[in-house]
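Okay, start.cif is below, mmCIF, C-alpha atoms and all ligand atoms:
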data_start
loop_
_atom_site.label_atom_id
_atom_site.label_comp_id
_atom_site.auth_asym_id
_atom_site.auth_seq_id
_atom_site.Cartn_x
_atom_site.Cartn_y
_atom_site.Cartn_z
CA MET A 1 -0.76 3.63 -22.07
CA LYS A 2 2.27 5.83 -21.54
CA TYR A 3 3.53 6.95 -18.15
CA TYR A 4 5.18 10.31 -17.52
CA SER A 5 7.33 11.44 -14.59
CA THR A 6 6.05 13.95 -12.02
CA ASN A 7 9.42 15.72 -12.41
CA GLY A 8 8.83 16.17 -16.13
CA GLN A 9 12.47 15.52 -17.11
CA ALA A 10 12.36 11.82 -18.02
CA PRO A 11 11.17 10.21 -21.27
CA LEU A 12 7.71 8.65 -21.36
CA ALA A 13 7.70 5.00 -20.32
CA ASP A 14 5.40 2.13 -21.19
CA LEU A 15 3.82 0.10 -18.37
CA GLN A 16 6.51 -2.56 -18.47
CA LYS A 17 9.28 -0.04 -18.01
CA ALA A 18 7.37 1.82 -15.30
CA VAL A 19 6.86 -1.42 -13.36
CA VAL A 20 10.38 -2.79 -13.80
CA LYS A 21 12.13 0.50 -13.06
CA GLY A 22 9.75 1.81 -10.38
CA LEU A 23 11.18 5.32 -10.30
CA ALA A 24 11.74 7.49 -13.39
CA GLU A 25 15.27 8.54 -14.44
CA ASP A 26 14.72 12.05 -13.04
CA ARG A 27 13.71 10.54 -9.65
CA GLY A 28 10.07 11.49 -10.31
CA LEU A 29 7.07 9.21 -9.87
CA TYR A 30 5.32 7.68 -12.85
CA MET A 31 1.81 8.88 -13.68
CA PRO A 32 -0.51 7.45 -16.34
CA GLU A 33 -0.98 9.84 -19.24
CA ARG A 34 -4.73 9.39 -19.12
CA ILE A 35 -7.22 8.24 -16.50
CA ASN A 36 -10.06 6.44 -18.22
CA LYS A 37 -13.54 7.06 -16.87
CA LEU A 38 -15.71 4.05 -16.16
CA PRO A 39 -19.14 4.07 -17.87
CA LYS A 40 -22.30 5.07 -16.04
CA ALA A 41 -23.73 1.58 -16.50
CA PHE A 42 -20.91 0.19 -14.37
CA PHE A 43 -21.89 2.39 -11.44
CA ASP A 44 -25.62 1.71 -11.98
CA ASP A 45 -25.12 -2.01 -11.34
CA ILE A 46 -22.06 -2.00 -9.13
CA GLN A 47 -23.98 -2.95 -5.96
CA ASP A 48 -24.78 -6.34 -7.51
CA MET A 49 -21.18 -7.13 -8.41
CA LYS A 50 -18.65 -8.94 -6.28
CA PHE A 51 -15.25 -7.53 -5.30
CA GLN A 52 -13.25 -9.49 -7.87
CA ASP A 53 -15.46 -8.45 -10.80
CA ILE A 54 -15.50 -4.82 -9.74
CA ALA A 55 -11.70 -4.93 -9.47
CA TYR A 56 -11.36 -6.52 -12.90
CA ASN A 57 -13.35 -3.65 -14.45
CA VAL A 58 -11.16 -1.09 -12.71
CA ALA A 59 -7.97 -2.95 -13.65
CA SER A 60 -9.03 -3.08 -17.31
CA ALA A 61 -9.41 0.69 -17.37
CA PHE A 62 -5.86 1.12 -16.02
CA PHE A 63 -3.96 -1.77 -17.57
CA GLY A 64 -6.20 -3.13 -20.35
CA GLU A 65 -4.14 -1.59 -23.17
CA ASP A 66 -0.93 -3.23 -21.96
CA VAL A 67 -1.93 -6.61 -20.55
CA ASP A 68 -4.13 -9.06 -22.42
CA LEU A 69 -7.51 -9.26 -20.74
CA ASP A 70 -7.47 -12.98 -19.93
CA SER A 71 -4.16 -12.64 -18.13
CA LEU A 72 -5.37 -9.52 -16.39
CA GLN A 73 -8.44 -11.34 -15.15
CA ASP A 74 -6.28 -14.20 -13.82
CA LEU A 75 -4.04 -11.68 -12.17
CA VAL A 76 -6.89 -9.87 -10.43
CA TYR A 77 -8.55 -13.09 -9.25
CA ASP A 78 -5.23 -14.46 -8.01
CA THR A 79 -4.60 -11.23 -6.08
CA LEU A 80 -8.03 -10.95 -4.49
CA GLN A 81 -8.61 -14.26 -2.78
CA PHE A 82 -10.15 -12.61 0.24
CA ASP A 83 -12.86 -10.11 0.96
CA CYS A 84 -12.82 -6.52 2.21
CA PRO A 85 -16.04 -6.19 4.17
CA VAL A 86 -17.58 -2.91 5.30
CA VAL A 87 -18.63 -3.13 8.95
CA LYS A 88 -20.84 -0.69 10.83
CA VAL A 89 -19.06 0.65 13.90
CA LYS A 90 -21.36 3.38 15.16
CA ASP A 91 -24.12 5.69 13.84
CA ASN A 92 -23.00 6.79 10.37
CA ILE A 93 -19.40 5.53 10.68
CA TYR A 94 -18.33 2.36 8.85
CA SER A 95 -15.05 0.47 8.84
CA LEU A 96 -13.67 -0.80 5.54
CA GLU A 97 -11.58 -3.74 6.72
CA LEU A 98 -8.55 -4.01 4.47
CA PHE A 99 -6.81 -6.59 6.63
CA HIS A 100 -8.12 -9.92 5.45
CA GLY A 101 -5.15 -10.65 3.16
CA PRO A 102 -2.19 -12.98 3.82
CA THR A 103 -0.27 -10.64 6.16
CA LEU A 104 -3.34 -8.88 7.57
CA ALA A 105 -2.52 -5.47 6.11
CA PHE A 106 -3.78 -3.57 3.10
CA LYS A 107 -0.40 -3.59 1.36
CA ASP A 108 -0.95 -7.27 0.47
CA VAL A 109 -3.06 -6.40 -2.57
CA GLY A 110 -0.52 -4.08 -4.17
CA ALA A 111 2.37 -6.42 -3.42
CA ARG A 112 0.69 -9.49 -4.92
CA PHE A 113 -0.56 -7.59 -7.94
CA MET A 114 2.90 -6.22 -8.62
CA ALA A 115 4.50 -9.66 -8.27
CA ARG A 116 2.13 -11.15 -10.83
CA LEU A 117 2.44 -8.22 -13.23
CA LEU A 118 6.24 -8.37 -13.07
CA GLN A 119 6.06 -12.08 -13.75
CA TYR A 120 3.74 -11.44 -16.70
CA PHE A 121 6.27 -9.06 -18.23
CA ILE A 122 9.21 -11.43 -17.62
CA ARG A 123 7.34 -14.29 -19.21
CA GLY A 124 6.31 -12.07 -22.11
CA LYS A 125 9.96 -11.32 -22.66
CA VAL A 126 10.87 -14.99 -22.49
CA CYS A 127 8.48 -15.68 -25.35
CA GLY A 128 9.48 -12.73 -27.50
CA ASP A 129 13.21 -12.58 -26.90
CA SER A 130 15.31 -15.73 -26.96
CA VAL A 131 18.30 -13.97 -25.40
CA ALA A 132 16.48 -13.13 -22.19
CA THR A 133 15.31 -16.68 -21.47
CA ASP A 134 15.13 -17.94 -17.94
CA GLU A 135 17.18 -15.31 -16.13
CA THR A 136 15.82 -14.75 -12.63
CA VAL A 137 14.81 -11.23 -11.65
CA ASN A 138 15.96 -10.28 -8.15
CA VAL A 139 13.85 -7.95 -6.06
CA LEU A 140 15.65 -6.10 -3.29
CA VAL A 141 13.54 -4.55 -0.55
CA ALA A 142 14.53 -2.79 2.65
CA THR A 143 11.94 -2.85 5.41
CA SER A 144 11.33 -1.54 8.88
CA GLY A 145 8.67 -4.22 9.28
CA ASP A 146 5.39 -4.02 7.37
CA THR A 147 6.48 -3.59 3.78
CA GLY A 148 8.79 -6.60 3.99
CA SER A 149 6.04 -8.97 5.03
CA ALA A 150 3.60 -7.78 2.37
CA VAL A 151 6.20 -7.93 -0.40
CA ALA A 152 7.61 -11.30 0.71
CA ASN A 153 4.17 -12.89 0.83
CA GLY A 154 3.09 -11.23 -2.41
CA PHE A 155 6.09 -12.66 -4.25
CA LEU A 156 6.13 -16.03 -2.48
CA GLY A 157 6.17 -18.87 -4.99
CA VAL A 158 6.12 -16.57 -8.05
CA ASP A 159 8.60 -18.31 -10.29
CA GLY A 160 11.28 -16.36 -12.11
CA ILE A 161 11.61 -13.90 -9.24
CA HIS A 162 13.78 -14.07 -6.13
CA VAL A 163 13.24 -11.62 -3.25
CA TYR A 164 15.83 -10.39 -0.74
CA VAL A 165 14.23 -8.67 2.26
CA LEU A 166 16.75 -6.58 4.21
CA TYR A 167 15.72 -5.72 7.75
CA PRO A 168 17.45 -4.25 10.81
CA LYS A 169 18.38 -6.92 13.35
CA GLY A 170 16.38 -6.60 16.56
CA LYS A 171 14.44 -3.60 15.28
CA VAL A 172 11.27 -5.23 13.98
CA SER A 173 8.62 -6.83 16.18
CA PRO A 174 8.62 -10.65 16.49
CA ILE A 175 5.19 -10.76 14.81
CA GLN A 176 6.53 -8.81 11.85
CA GLU A 177 9.79 -10.73 11.64
CA CYS A 178 8.16 -14.14 11.41
CA GLN A 179 6.12 -13.02 8.40
CA PHE A 180 9.15 -12.77 6.14
CA THR A 181 11.79 -14.98 7.78
CA THR A 182 9.81 -18.23 7.85
CA LEU A 183 8.76 -18.43 4.21
CA GLY A 184 11.69 -20.10 2.44
CA GLN A 185 11.27 -20.85 -1.30
CA ASN A 186 12.12 -17.74 -3.32
CA ILE A 187 12.27 -15.44 -0.30
CA THR A 188 15.56 -14.74 1.50
CA ALA A 189 15.54 -12.66 4.68
CA VAL A 190 18.76 -10.71 5.20
CA GLU A 191 19.27 -9.66 8.82
CA VAL A 192 21.42 -6.54 8.81
CA ASP A 193 23.50 -5.51 11.80
CA GLY A 194 22.32 -1.89 11.69
CA VAL A 195 19.23 0.29 11.47
CA PHE A 196 16.61 0.67 8.73
CA ASP A 197 18.61 3.41 7.01
CA ASP A 198 21.58 1.02 6.68
CA CYS A 199 19.32 -1.51 4.97
CA GLN A 200 18.06 1.14 2.59
CA ALA A 201 21.61 2.30 1.87
CA LEU A 202 22.66 -1.27 0.98
CA VAL A 203 19.76 -1.60 -1.45
CA LYS A 204 20.47 1.77 -3.06
CA SER A 205 24.17 0.97 -3.47
CA ALA A 206 23.32 -2.38 -5.04
CA PHE A 207 21.11 -0.76 -7.68
CA VAL A 208 23.93 1.48 -8.91
CA ASP A 209 26.78 -1.05 -8.67
CA ALA A 210 27.99 -1.92 -12.17
CA ASP A 211 29.45 -5.39 -11.36
CA LEU A 212 26.33 -6.50 -9.58
CA ASN A 213 24.05 -5.31 -12.34
CA LYS A 214 26.15 -7.24 -14.86
CA HIS A 215 25.97 -10.33 -12.64
CA MET A 216 22.22 -10.30 -11.92
CA LYS A 217 18.99 -8.54 -12.89
CA LEU A 218 17.95 -6.28 -10.02
CA THR A 219 14.70 -4.43 -9.37
CA SER A 220 12.84 -2.92 -6.44
CA ALA A 221 9.33 -3.41 -5.10
CA ASN A 222 9.08 0.08 -3.75
CA SER A 223 5.70 1.37 -2.61
CA ILE A 224 5.83 4.14 -5.22
CA ASN A 225 5.68 1.56 -8.03
CA VAL A 226 2.56 2.08 -10.17
CA ALA A 227 1.81 -1.64 -9.96
CA ARG A 228 1.75 -1.47 -6.18
CA PHE A 229 -0.31 1.66 -5.58
CA LEU A 230 -2.89 1.69 -8.40
CA PRO A 231 -4.55 -1.65 -7.47
CA GLN A 232 -5.47 -0.14 -4.11
CA ALA A 233 -8.18 1.75 -6.02
CA PHE A 234 -10.10 -1.57 -6.10
CA TYR A 235 -10.87 -1.15 -2.40
CA TYR A 236 -12.77 2.07 -2.87
CA PHE A 237 -14.99 0.88 -5.69
CA ASN A 238 -15.87 -2.15 -3.60
CA ALA A 239 -16.62 0.00 -0.56
CA TYR A 240 -18.88 2.21 -2.67
CA ALA A 241 -20.71 -0.87 -3.97
CA ARG A 242 -21.26 -2.26 -0.48
CA MET A 243 -22.52 1.10 0.80
CA LYS A 244 -24.81 1.48 -2.21
CA GLN A 245 -26.24 -1.93 -1.42
CA LEU A 246 -27.22 -0.47 1.95
CA ASN A 247 -28.62 2.67 0.29
CA LEU A 248 -26.02 4.75 2.09
CA ALA A 249 -23.85 5.92 -0.79
CA ASP A 250 -25.42 9.28 -1.66
CA GLU A 251 -23.12 11.46 0.43
CA LEU A 252 -20.17 9.24 1.01
CA VAL A 253 -17.02 10.45 2.76
CA MET A 254 -13.93 8.25 2.50
CA CYS A 255 -11.35 8.60 5.22
CA VAL A 256 -7.87 7.12 4.73
CA PRO A 257 -5.23 6.84 7.49
CA SER A 258 -2.19 8.03 5.57
CA GLY A 259 1.58 7.88 5.78
CA ASN A 260 3.24 7.81 2.38
CA PHE A 261 -0.16 8.68 0.79
CA GLY A 262 -0.19 5.78 -1.68
CA ASN A 263 -3.50 4.39 -0.49
CA ILE A 264 -5.39 7.69 -0.58
CA CYS A 265 -3.75 8.52 -3.89
CA ALA A 266 -5.28 5.34 -5.34
CA ALA A 267 -8.65 6.42 -3.94
CA LEU A 268 -8.28 9.78 -5.68
CA PHE A 269 -7.46 8.05 -8.97
CA GLY A 270 -10.72 6.15 -8.43
CA HIS A 271 -12.53 9.44 -7.98
CA GLU A 272 -11.07 10.66 -11.29
CA MET A 273 -12.42 7.49 -12.89
CA GLY A 274 -15.89 8.55 -11.82
CA LEU A 275 -16.28 6.98 -8.38
CA PRO A 276 -19.10 8.97 -6.74
CA VAL A 277 -17.47 9.86 -3.43
CA LYS A 278 -18.41 13.29 -2.10
CA ARG A 279 -15.12 14.09 -0.39
CA PHE A 280 -12.04 12.56 1.22
CA ILE A 281 -10.27 12.91 4.55
CA ALA A 282 -6.57 12.14 5.00
CA ALA A 283 -6.08 11.13 8.64
CA ASN A 284 -2.57 11.54 10.01
CA ASN A 285 -0.82 10.78 13.26
CA ALA A 286 1.55 13.46 14.61
CA ASN A 287 3.32 13.57 11.23
CA ASP A 288 1.29 16.50 9.94
CA VAL A 289 3.02 17.70 6.77
CA PHE A 290 -0.01 17.16 4.53
CA TYR A 291 -2.38 18.59 7.13
CA ASN A 292 -0.26 21.74 7.22
CA PHE A 293 -0.19 21.91 3.43
CA LEU A 294 -4.00 21.91 3.38
CA GLN A 295 -4.10 24.83 5.83
CA THR A 296 -1.31 26.95 4.35
CA GLY A 297 -0.75 25.88 0.75
CA LYS A 298 2.92 25.26 1.58
CA TYR A 299 4.46 21.80 1.45
CA GLU A 300 7.23 21.65 4.03
CA PRO A 301 8.73 18.20 4.72
CA LYS A 302 9.79 17.55 8.30
CA PRO A 303 11.86 14.91 10.08
CA THR A 304 9.80 11.84 10.89
CA ILE A 305 8.19 11.64 14.33
CA GLN A 306 7.85 8.17 15.86
CA THR A 307 4.29 7.37 16.91
CA LEU A 308 2.01 4.52 17.96
CA ALA A 309 0.76 4.25 14.37
CA ASN A 310 4.26 3.64 13.04
CA ALA A 311 3.36 2.55 9.51
CA MET A 312 2.26 6.17 9.06
CA ASP A 313 5.46 7.73 10.39
CA VAL A 314 6.44 9.64 7.26
CA GLY A 315 7.73 13.20 7.27
CA ASP A 316 7.95 13.65 3.49
CA PRO A 317 5.26 11.51 1.82
CA SER A 318 6.39 10.41 -1.66
CA ASN A 319 2.95 10.33 -3.17
CA PHE A 320 2.34 13.99 -2.44
CA ALA A 321 4.00 14.58 -5.81
CA ARG A 322 1.33 12.44 -7.50
CA ILE A 323 -1.58 14.15 -5.75
CA TYR A 324 -0.17 17.59 -6.52
CA ASP A 325 0.24 16.65 -10.17
CA LEU A 326 -3.20 15.03 -10.40
CA TYR A 327 -4.87 18.33 -9.50
CA GLY A 328 -2.70 20.56 -11.66
CA LYS A 329 -0.65 21.72 -8.66
CA SER A 330 -3.71 23.60 -7.40
CA HIS A 331 -3.99 23.91 -3.63
CA GLU A 332 -7.55 25.09 -4.06
CA ARG A 333 -8.63 21.99 -5.97
CA ILE A 334 -6.90 19.71 -3.49
CA SER A 335 -8.24 21.38 -0.37
CA SER A 336 -11.79 21.54 -1.70
CA LEU A 337 -11.86 17.76 -2.18
CA ILE A 338 -9.64 16.56 0.66
CA SER A 339 -9.57 17.66 4.27
CA GLY A 340 -7.04 16.64 6.88
CA ALA A 341 -6.78 15.57 10.49
CA THR A 342 -3.84 14.93 12.80
CA TYR A 343 -3.77 13.05 16.11
CA SER A 344 -1.24 12.68 18.91
CA ASP A 345 -0.46 9.31 20.47
CA GLU A 346 -2.54 10.30 23.47
CA GLN A 347 -5.54 11.04 21.25
CA ILE A 348 -5.06 7.71 19.45
CA ARG A 349 -5.12 5.87 22.78
CA GLN A 350 -8.22 7.73 23.88
CA THR A 351 -10.03 6.99 20.61
CA MET A 352 -9.21 3.29 20.83
CA ARG A 353 -10.50 3.09 24.41
CA GLN A 354 -13.62 5.11 23.77
CA CYS A 355 -14.57 3.23 20.61
CA TYR A 356 -14.03 -0.11 22.31
CA GLU A 357 -16.11 0.87 25.35
CA GLU A 358 -18.97 2.32 23.29
CA THR A 359 -19.14 -0.21 20.48
CA GLY A 360 -16.92 -3.21 21.25
CA TYR A 361 -15.03 -2.60 18.00
CA ILE A 362 -11.26 -3.02 18.30
CA LEU A 363 -9.37 -0.36 16.36
CA ASP A 364 -5.68 -0.64 15.63
CA PRO A 365 -3.68 2.62 16.11
CA HIS A 366 -3.79 3.43 12.36
CA GLY A 367 -7.49 2.81 11.93
CA ALA A 368 -8.09 4.84 15.09
CA CYS A 369 -6.90 7.99 13.28
CA GLY A 370 -9.41 7.31 10.52
CA TYR A 371 -12.29 6.63 12.87
CA GLN A 372 -11.64 9.77 14.90
CA ALA A 373 -11.34 11.97 11.81
CA LEU A 374 -14.85 10.89 10.79
CA ALA A 375 -16.22 11.30 14.31
CA ASP A 376 -14.80 14.85 14.29
CA GLY A 377 -15.51 15.81 10.70
CA LEU A 378 -18.75 14.28 9.36
CA GLN A 379 -21.47 16.80 8.44
CA PRO A 380 -25.20 16.11 8.83
CA GLY A 381 -26.44 13.80 6.08
CA GLU A 382 -23.00 12.37 5.32
CA VAL A 383 -22.01 8.76 5.81
CA GLY A 384 -18.36 8.00 6.48
CA VAL A 385 -16.20 4.99 5.68
CA PHE A 386 -12.71 4.78 7.14
CA CYS A 387 -10.06 2.25 6.16
CA GLU A 388 -9.04 -0.12 8.93
CA THR A 389 -5.58 -0.67 7.42
CA ALA A 390 -4.27 -3.44 9.68
CA HIS A 391 -5.67 -6.19 11.84
CA PRO A 392 -5.33 -5.22 15.54
CA ALA A 393 -3.37 -8.43 16.16
CA LYS A 394 -0.56 -7.03 14.00
CA PHE A 395 -0.02 -4.49 16.76
CA LYS A 396 -0.99 -6.84 19.54
CA GLU A 397 1.42 -5.58 22.23
CA LYS A 398 0.15 -2.01 21.83
CA VAL A 399 -3.53 -2.86 21.49
CA ASP A 400 -3.50 -5.23 24.47
CA ASP A 401 -1.74 -2.62 26.56
CA ILE A 402 -4.07 0.24 25.61
CA LEU A 403 -7.35 -1.66 25.87
CA GLY A 404 -6.40 -4.08 28.63
CA ILE A 405 -7.50 -7.06 26.55
CA ASP A 406 -5.89 -10.08 24.92
CA VAL A 407 -6.43 -9.69 21.18
CA GLU A 408 -6.96 -12.99 19.49
CA ILE A 409 -4.30 -13.89 16.95
CA PRO A 410 -5.85 -15.10 13.68
CA GLU A 411 -4.77 -18.55 12.58
CA ARG A 412 -2.92 -17.18 9.55
CA LEU A 413 -0.65 -15.11 11.77
CA ALA A 414 -0.26 -17.89 14.32
CA ALA A 415 0.95 -20.18 11.54
CA PHE A 416 3.78 -17.76 10.70
CA MET A 417 4.73 -17.65 14.36
CA ARG A 418 5.12 -21.43 14.45
CA GLY A 419 7.44 -21.39 11.43
CA GLU A 420 11.20 -21.70 11.69
CA LYS A 421 13.16 -18.48 11.33
CA GLN A 422 15.74 -18.53 8.55
CA SER A 423 17.91 -15.53 7.81
CA VAL A 424 21.26 -14.57 6.35
CA ARG A 425 23.33 -12.45 8.75
CA MET A 426 24.92 -9.40 7.18
CA SER A 427 27.07 -6.48 8.29
CA LYS A 428 26.09 -3.00 7.15
CA GLU A 429 29.15 -2.77 4.86
CA PHE A 430 28.22 -2.74 1.19
CA GLY A 431 31.31 -4.81 0.34
CA ASP A 432 29.93 -7.74 2.35
CA PHE A 433 26.48 -7.51 0.82
CA LYS A 434 27.95 -7.27 -2.68
CA ALA A 435 30.19 -10.29 -2.12
CA TYR A 436 27.17 -12.26 -0.93
CA LEU A 437 25.05 -11.34 -3.94
CA MET A 438 27.92 -12.08 -6.36
CA GLN A 439 27.88 -15.68 -5.08
CA GLN A 440 24.17 -16.13 -5.80
C1 LIG B 501 1.37 1.51 5.01
C2 LIG B 501 0.33 1.68 6.06
C3 LIG B 501 -0.43 2.88 6.19
C4 LIG B 501 -0.16 4.10 5.34
O1 LIG B 501 -0.47 3.91 4.00
P1 LIG B 501 0.12 4.90 2.90
O2 LIG B 501 -0.29 4.33 1.59
O3 LIG B 501 1.62 4.87 3.07
O4 LIG B 501 -0.44 6.24 3.15
C5 LIG B 501 -1.42 2.93 7.15
N1 LIG B 501 -1.67 1.89 7.96
C6 LIG B 501 -0.97 0.73 7.87
C7 LIG B 501 -1.29 -0.36 8.82
C8 LIG B 501 0.05 0.58 6.93
O5 LIG B 501 0.74 -0.56 6.87
#
Kindly return the structure encoded in the file as structure tokens.
Ligand SMILES: *Cc1c(COP(=O)(O)O)cnc(C)c1O
Amino acid sequence: MKYYSTNGQAPLADLQKAVVKGLAEDRGLYMPERINKLPKAFFDDIQDMKFQDIAYNVASAFFGEDVDLDSLQDLVYDTLQFDCPVVKVKDNIYSLELFHGPTLAFKDVGARFMARLLQYFIRGKVCGDSVATDETVNVLVATSGDTGSAVANGFLGVDGIHVYVLYPKGKVSPIQECQFTTLGQNITAVEVDGVFDDCQALVKSAFVDADLNKHMKLTSANSINVARFLPQAFYYFNAYARMKQLNLADELVMCVPSGNFGNICAALFGHEMGLPVKRFIAANNANDVFYNFLQTGKYEPKPTIQTLANAMDVGDPSNFARIYDLYGKSHERISSLISGATYSDEQIRQTMRQCYEETGYILDPHGACGYQALADGLQPGEVGVFCETAHPAKFKEKVDDILGIDVEIPERLAAFMRGEKQSVRMSKEFGDFKAYLMQQ
């Protein structure tokens, strides 16, 4: 399968290049040249299949031409060692819980899948090319909290790859920090004396520095990487199967709390593969750029607004380019399939309280946007599934404060919190970071 750039100015890439490079030469996002449809028989029996087998079928359609099927099956089973249950919350509203992975957030699946696919390509090269032998590939990632933990845990213990997580000192929550500073092995946490933008600037400078690139092989694990976003399609096929099992899949509405729009983009790829979902809702916090696009047909990026649902604080979502391209740049096609919703922090608080009082279900601030969008937007006869994108304990301070409860911390998270923090202190000067990497 070849991948083209949404900017149309870069040469076609094969999967390996798209995964290793992440972004195309013209700064566009890679798109697969074709989206293979899954056969009718697959959907006829899907309710009897388990998550891992459903995912393997979907993965074969995307990656089967470029990865041998035994390896791909290993890769999918290694990635999906947990379940994504669908839980009834109220009436015709169901929660698709995407938070049962290692760091309790949905980004775990994409991160792990990408780590294993990158490793597959490195190993492949080791076999085929004696020059490239055992050179380590170094992944640099800047994080404001959530991405760092998902990437670090996804790549943990994957040999041949070393990960440097750069994060702003004192600017991530203690729960987030412990998830990438206590791991050891092939994960190094770099604590930068600065803000998130300084971390990102260090990473960007490193990628274009000639000496460094001669000294070591560098790559990114950015969320726009095809290997990180496409596997999220697995979730939606599984949700459909579980709803079909309940005989509730005839008029299914999928609602995705969205920030950078990678997760919903994967859902839309699933729809193009034949997934019988009636329509989609993109639920936003106060960052309403996509919502406004749906109303007006104009895409106008804005500065980011900080909100309670901070993993969705994005003022210029990267994956808009993919969605726009997927539907031939047609506002009409996009707005007839996807509707939008936008909620203020006050509305998010109110939703969390009301849902908890009525049903006992604890929403996190991101999932709350999804739940409310269904409560506001479902038509008679429709059944809605929203993604609960993070475990409420990940945002414990906020959830406890809003609901007046003491959210239980799952053992997996508690184990991180008992670990010993290890980090490398770094100034925000590129010269210091470069000197450090040159010694590695
Ligand atoms: C990343 C994230 C989102 C937003 O997902 P996108 O793919 O960027 O739209 C929503 N909720 C949580 C908890 C996240 O970590």
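Pairwise distance (CA of Pro168 in chain A, CA of Asp209 in chain A) equals 21.8 Å.
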Centre and size of axis-aligned box enclosing ligand LIG 501 (chain B) plus 3 Å each side, as JSON:
{"center_x": 0.0, "center_y": 2.8, "center_z": 5.2, "size_x": 9.3, "size_y": 12.8, "size_z": 13.2}
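You will find CA of Ser258 in chain A at 8.3 Å from CA of Asn285 in chain A.
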query: Within 6 Å of ligand LIG 501 (chain B), counting all atoms listed in the file, which protein or nucleic acid residues do you find, written as a PyMOL selection string?
result: chain A and resi 105+146+257-263+311-312+366+389-390
query: What lies within 8 Å of Val163 in chain A using only C-alpha atoms, ignoring chain neighbours under 6 positions off, as a ChimeraX atom specification?
result: /A:138-141,152,155,186-188
message: With 7 Å as the threshold, what does the neighbourhood of (17.2, -1.7, -8.3) contain in terms of residues, counting only C-alpha atoms? Coordinates are those of the file; answer as an NGL selection string.
response: :A and (140 or 206-207 or 218-220)
message: To one decimal place in Å, what is the distance between CA of Gln245 in chain A and CA of His100 in chain A?
response: 21.0 Å
Rows by chain and residue number, range 154-241 of chain A within 12 Å of range 4-13 of chain A, shortest pair, all atoms listed in the file, as JSON lines:
{"residue": "A:Ile224", "atom": "CA", "partner": "A:Thr6", "partner_atom": "CA", "distance": 11.9}
{"residue": "A:Asn225", "atom": "CA", "partner": "A:Ser5", "partner_atom": "CA", "distance": 12.0}
{"residue": "A:Val226", "atom": "CA", "partner": "A:Tyr4", "partner_atom": "CA", "distance": 11.3}
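When all atoms listed in the file are used to measure the gap to Glu97 in chain A, the shortest distance among A:Gly145, A:Gly381, A:Pro392, A:Gly274 belongs to A:Pro392.
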Protein/DNA/RNA residues near (-6.8, 21.9, 4.5), cut 8 Å, all atoms listed in the file, as a compact mmCIF listing (two decimals) with C-alpha atoms, keeping the file's coordinate frame:
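This went into result_33.txt:
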# COMPACT_ATOMS: atom_id res chain seq x y z
CA TYR A 291 -2.38 18.59 7.13
CA ASN A 292 -0.26 21.74 7.22
CA PHE A 293 -0.19 21.91 3.43
CA LEU A 294 -4.00 21.91 3.38
CA GLN A 295 -4.10 24.83 5.83
CA THR A 296 -1.31 26.95 4.35
CA SER A 335 -8.24 21.38 -0.37
CA SER A 336 -11.79 21.54 -1.70
CA ILE A 338 -9.64 16.56 0.66
CA SER A 339 -9.57 17.66 4.27
CA GLY A 340 -7.04 16.64 6.88
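The closest residue to Ala233 in chain A, picked from A:Ile35, A:Ala55, A:Val253, A:Leu413 and counting all atoms listed in the file, is A:Ala55.
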message: For Gly110 in chain A, find every residue with an atom within 7 Å (counting all atoms listed in the file), except residues of its own chain fewer than 5 positions away, and show them as a PyMOL selection string.
response: chain A and resi 227-229+231-232
field: Nearest residue to Cys178 in chain A from the set A:Asn247, A:Asn92, A:Thr103, A:Ser344 (distances using all atoms listed in the file)
entry: A:Thr103
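Proximity of A:Met31, A:Val385, A:Leu378, A:Ala150 to Ala266 in chain A, computed with only C-alpha atoms, is greatest for A:Met31.
Here the question is which of A:Ile409, A:Met1, A:Leu118, A:Cys387 gets nearest to Ala373 in chain A using all atoms listed in the file, and that residue is A:Cys387.
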